[in-house]
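Asker: One structure coming up, written as structure tokens, with questions to follow.
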Amino acid sequence: MVQSTSLHVVPEDPTAYKSQAYWEERYQKEDEQTTFDWFKTYEELKPLLQLPNKEVSILMLGCGNSTLGEDMYNDGYKNITNIDYSKTVIDTMKKRCAHQPEMKWLEMDIRDLQFSDCSFDVVIDKGTMDALMCDQGDVWDPSEDLIREVKAEVDQVERVLKVGGVFLYITFGQPHFRKRHLTRSCWEVKTQTMGDAFHYFFYSMRKER
């Protein structure tokens, strides 16, 4: 597969990452063999996931054309639902992963999940929330719009996650910028740091009630 890492896919204005139009245009230029993974691959994340078994139901938020779902499927996790608000990438991934028939691909906005309450054992966000946070404002004092957008995502995650289930978030965002958005009364936010020269952060939240 071809990794989409060239500079031509990087927008001049980083706030474009928040735009559905940007992603539609980008994915329309890429074929089904093109992949892009934010931050870390499955092999790098695997030691941190610590999922109870391979029968767990997994929701992948903003899947894009990442290989994460495919790699987890190949490792035995068959009950994976991938969502993205780009119809183009969902159609592309359905074709690319036709040989993995148990995996689901749905066009859906992470801020308006069309699932029943308590539907999933695991919800994974690898860089998707970061796209929502691409804002021109002050990172120490985020705009009301940004706070509202991120709250909508986390509220939906809390709703569709089963009691005892876990929300996993992988990001370059440091705890003093991210914890304020993740904090909920139903879980404790735990953080692990990955990397040496440049750090990434792995947040895990288990829903207790």
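Ligands are numbered from 1 in the order shown, chains are lettered A, B, ... in the order of the structure tokens, and residues start at 1 in each chain.
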Can you check which residues of segment 1-94 of chain A DSSP gives as alpha helix (DSSP H) on the backbone and send them as number ranges by chain?
Answerer: A: 20-28, 42-49, 68-74, 87-94
Asker: Kindly export the residues of the current selection with C-alpha atoms, as an mmCIF file, in the first residue's frame.
Answerer:
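Writing the result to out.cif gives the following:
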```cif
data_model
loop_
_atom_site.group_PDB
_atom_site.id
_atom_site.type_symbol
_atom_site.label_atom_id
_atom_site.label_comp_id
_atom_site.auth_asym_id
_atom_site.auth_seq_id
_atom_site.Cartn_x
_atom_site.Cartn_y
_atom_site.Cartn_z
ATOM 1 C CA GLN A 20 -15.637 17.926 5.660
ATOM 2 C CA ALA A 21 -15.028 19.496 2.242
ATOM 3 C CA TYR A 22 -11.246 19.243 2.716
ATOM 4 C CA TRP A 23 -11.426 15.528 3.471
ATOM 5 C CA GLU A 24 -13.807 14.803 0.609
ATOM 6 C CA GLU A 25 -11.513 16.575 -1.855
ATOM 7 C CA ARG A 26 -8.439 14.864 -0.465
ATOM 8 C CA TYR A 27 -9.908 11.367 -0.524
ATOM 9 C CA GLN A 28 -11.250 11.846 -4.042
ATOM 10 C CA TYR A 42 -1.365 -0.818 15.384
ATOM 11 C CA GLU A 43 1.893 -2.641 16.087
ATOM 12 C CA GLU A 44 3.120 0.344 18.097
ATOM 13 C CA LEU A 45 -0.181 0.731 19.946
ATOM 14 C CA LYS A 46 -0.862 -2.944 20.570
ATOM 15 C CA PRO A 47 1.019 -3.180 23.917
ATOM 16 C CA LEU A 48 -1.080 -0.296 25.271
ATOM 17 C CA LEU A 49 -4.540 -1.426 24.145
ATOM 18 C CA LEU A 68 -5.676 0.461 12.110
ATOM 19 C CA GLY A 69 -8.999 -1.346 11.625
ATOM 20 C CA GLU A 70 -7.552 -3.712 9.020
ATOM 21 C CA ASP A 71 -4.564 -4.559 11.189
ATOM 22 C CA MET A 72 -6.729 -5.214 14.236
ATOM 23 C CA TYR A 73 -9.050 -7.383 12.125
ATOM 24 C CA ASN A 74 -6.073 -9.410 10.919
ATOM 25 C CA LYS A 87 -18.669 9.226 1.944
ATOM 26 C CA THR A 88 -15.734 8.942 -0.458
ATOM 27 C CA VAL A 89 -13.397 7.299 2.038
ATOM 28 C CA ILE A 90 -16.102 4.979 3.374
ATOM 29 C CA ASP A 91 -16.860 3.756 -0.155
ATOM 30 C CA THR A 92 -13.132 3.338 -0.821
ATOM 31 C CA MET A 93 -12.533 1.398 2.374
ATOM 32 C CA LYS A 94 -15.482 -0.913 1.714
#
```
Asker: Residues of segment 62-197 of chain A in strand (DSSP E) according to DSSP, as a VMD selection string?
Answerer: chain A and resid 80 to 84 104 to 107 120 to 126 161 to 171 189 to 194
Asker: For the selection just defined, write its residues with N, CA and C atoms to a file, as an mmCIF file, in the first residue's frame.
Answerer:
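Full text of part-v7.cif as output:
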```cif
data_model
loop_
_atom_site.group_PDB
_atom_site.id
_atom_site.type_symbol
_atom_site.label_atom_id
_atom_site.label_comp_id
_atom_site.auth_asym_id
_atom_site.auth_seq_id
_atom_site.Cartn_x
_atom_site.Cartn_y
_atom_site.Cartn_z
ATOM 1 N N ILE A 80 -15.608 -4.920 14.378
ATOM 2 C CA ILE A 80 -15.149 -3.531 14.282
ATOM 3 C C ILE A 80 -16.105 -2.750 13.384
ATOM 4 N N THR A 81 -16.564 -1.615 13.895
ATOM 5 C CA THR A 81 -17.377 -0.683 13.107
ATOM 6 C C THR A 81 -16.563 0.582 12.879
ATOM 7 N N ASN A 82 -16.314 0.905 11.624
ATOM 8 C CA ASN A 82 -15.542 2.089 11.263
ATOM 9 C C ASN A 82 -16.480 3.167 10.753
ATOM 10 N N ILE A 83 -16.326 4.401 11.253
ATOM 11 C CA ILE A 83 -17.161 5.491 10.757
ATOM 12 C C ILE A 83 -16.301 6.674 10.331
ATOM 13 N N ASP A 84 -16.813 7.410 9.355
ATOM 14 C CA ASP A 84 -16.182 8.660 8.911
ATOM 15 C C ASP A 84 -17.266 9.482 8.222
ATOM 16 N N LYS A 104 -17.462 -3.450 9.505
ATOM 17 C CA LYS A 104 -18.497 -2.549 9.013
ATOM 18 C C LYS A 104 -17.905 -1.174 8.697
ATOM 19 N N TRP A 105 -18.470 -0.520 7.668
ATOM 20 C CA TRP A 105 -18.045 0.814 7.246
ATOM 21 C C TRP A 105 -19.286 1.677 7.079
ATOM 22 N N LEU A 106 -19.386 2.762 7.867
ATOM 23 C CA LEU A 106 -20.580 3.596 7.850
ATOM 24 C C LEU A 106 -20.216 5.071 7.727
ATOM 25 N N GLU A 107 -20.958 5.775 6.887
ATOM 26 C CA GLU A 107 -20.804 7.231 6.789
ATOM 27 C C GLU A 107 -21.546 7.852 7.969
ATOM 28 N N PHE A 120 -21.160 -0.298 22.494
ATOM 29 C CA PHE A 120 -19.795 -0.745 22.206
ATOM 30 C C PHE A 120 -18.978 -0.973 23.478
ATOM 31 N N ASP A 121 -18.085 -1.956 23.379
ATOM 32 C CA ASP A 121 -17.144 -2.223 24.473
ATOM 33 C C ASP A 121 -15.942 -1.295 24.420
ATOM 34 N N VAL A 122 -15.564 -0.884 23.219
ATOM 35 C CA VAL A 122 -14.358 -0.080 23.019
ATOM 36 C C VAL A 122 -14.653 0.987 21.968
ATOM 37 N N VAL A 123 -14.251 2.220 22.246
ATOM 38 C CA VAL A 123 -14.305 3.298 21.256
ATOM 39 C C VAL A 123 -12.889 3.861 21.118
ATOM 40 N N ILE A 124 -12.419 3.980 19.873
ATOM 41 C CA ILE A 124 -11.051 4.433 19.615
ATOM 42 C C ILE A 124 -11.072 5.696 18.764
ATOM 43 N N ASP A 125 -10.334 6.702 19.222
ATOM 44 C CA ASP A 125 -10.119 7.936 18.462
ATOM 45 C C ASP A 125 -8.610 8.109 18.317
ATOM 46 N N LYS A 126 -8.129 7.985 17.077
ATOM 47 C CA LYS A 126 -6.700 8.178 16.822
ATOM 48 C C LYS A 126 -6.525 9.416 15.934
ATOM 49 N N LEU A 161 -20.946 4.024 24.753
ATOM 50 C CA LEU A 161 -20.039 3.089 25.419
ATOM 51 C C LEU A 161 -20.772 2.321 26.514
ATOM 52 N N LYS A 162 -20.563 1.018 26.556
ATOM 53 C CA LYS A 162 -21.149 0.197 27.601
ATOM 54 C C LYS A 162 -20.488 0.504 28.942
ATOM 55 N N VAL A 163 -21.223 0.275 30.018
ATOM 56 C CA VAL A 163 -20.616 0.348 31.350
ATOM 57 C C VAL A 163 -19.527 -0.728 31.427
ATOM 58 N N GLY A 164 -18.357 -0.341 31.845
ATOM 59 C CA GLY A 164 -17.219 -1.251 31.846
ATOM 60 C C GLY A 164 -16.386 -1.149 30.580
ATOM 61 N N GLY A 165 -16.935 -0.457 29.564
ATOM 62 C CA GLY A 165 -16.219 -0.271 28.309
ATOM 63 C C GLY A 165 -15.167 0.818 28.426
ATOM 64 N N VAL A 166 -14.318 0.920 27.402
ATOM 65 C CA VAL A 166 -13.197 1.845 27.480
ATOM 66 C C VAL A 166 -13.128 2.728 26.237
ATOM 67 N N PHE A 167 -12.839 4.003 26.466
ATOM 68 C CA PHE A 167 -12.606 4.991 25.421
ATOM 69 C C PHE A 167 -11.100 5.221 25.347
ATOM 70 N N LEU A 168 -10.518 4.982 24.171
ATOM 71 C CA LEU A 168 -9.077 5.127 23.963
ATOM 72 C C LEU A 168 -8.824 6.265 22.975
ATOM 73 N N TYR A 169 -7.975 7.199 23.362
ATOM 74 C CA TYR A 169 -7.713 8.387 22.538
ATOM 75 C C TYR A 169 -6.206 8.553 22.389
ATOM 76 N N ILE A 170 -5.742 8.566 21.139
ATOM 77 C CA ILE A 170 -4.320 8.718 20.835
ATOM 78 C C ILE A 170 -4.118 10.075 20.174
ATOM 79 N N THR A 171 -3.155 10.866 20.682
ATOM 80 C CA THR A 171 -3.016 12.256 20.266
ATOM 81 C C THR A 171 -1.608 12.761 20.559
ATOM 82 N N VAL A 189 -9.652 9.702 33.821
ATOM 83 C CA VAL A 189 -8.788 9.860 32.650
ATOM 84 C C VAL A 189 -7.369 9.448 33.025
ATOM 85 N N LYS A 190 -6.881 8.379 32.388
ATOM 86 C CA LYS A 190 -5.513 7.908 32.627
ATOM 87 C C LYS A 190 -4.671 8.203 31.387
ATOM 88 N N THR A 191 -3.414 8.540 31.613
ATOM 89 C CA THR A 191 -2.543 8.964 30.512
ATOM 90 C C THR A 191 -1.239 8.190 30.514
ATOM 91 N N GLN A 192 -0.822 7.762 29.325
ATOM 92 C CA GLN A 192 0.504 7.185 29.130
ATOM 93 C C GLN A 192 1.203 7.962 28.013
ATOM 94 N N THR A 193 2.513 8.094 28.128
ATOM 95 C CA THR A 193 3.295 8.836 27.142
ATOM 96 C C THR A 193 4.058 7.868 26.255
ATOM 97 N N MET A 194 4.053 8.156 24.945
ATOM 98 C CA MET A 194 4.767 7.334 23.970
ATOM 99 C C MET A 194 5.797 8.198 23.257
#
```
Asker: Just how far from atom CA of Thr128 of chain A is atom CA of Asp37 of chain A, in Å to one decimal?
Answerer: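 Spanning atom CA of Asp37 of chain A to atom CA of Thr128 of chain A is a straight-line distance of 10.9 Å.
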Asker: Quote the spacing between atom CA of Phe36 of chain A and atom CA of Gly127 of chain A in Å to one decimal place.
Answerer: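 Taking atom CA of Phe36 of chain A as the start and atom CA of Gly127 of chain A as the end point, the length is 11.3 Å.
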Asker: Within 7 Å of segment 144-150 of chain A, counting only C-alpha atoms, which residues show up once you throw out same-chain ones fewer than 3 positions away? Write them as a list in words, please.
Answerer: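 Residues meeting the cut-off are Met129, Leu132, Met133, Glu153, Val154 and His181 of chain A.
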Asker: Which polymer residues have any atom within 10 Å of an atom of Glu55 of chain A, counting only C-alpha atoms, with same-chain residues fewer than 3 positions away left out, as an MDAnalysis selection string?
Answerer: chainID A and resid 51:52 58 76:80 121
Asker: With distances taken over only C-alpha atoms, which of A:Glu32, A:Asp75, A:Asp135, A:Asp130 is nearest to Thr15 of chain A?
Answerer: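 Closest residue, counting only C-alpha atoms: A:Asp135.
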Asker: Which distance in Å separates atom CA of Thr67 of chain A and atom CA of Lys29 of chain A, to one decimal?
Answerer: 18.1 Å
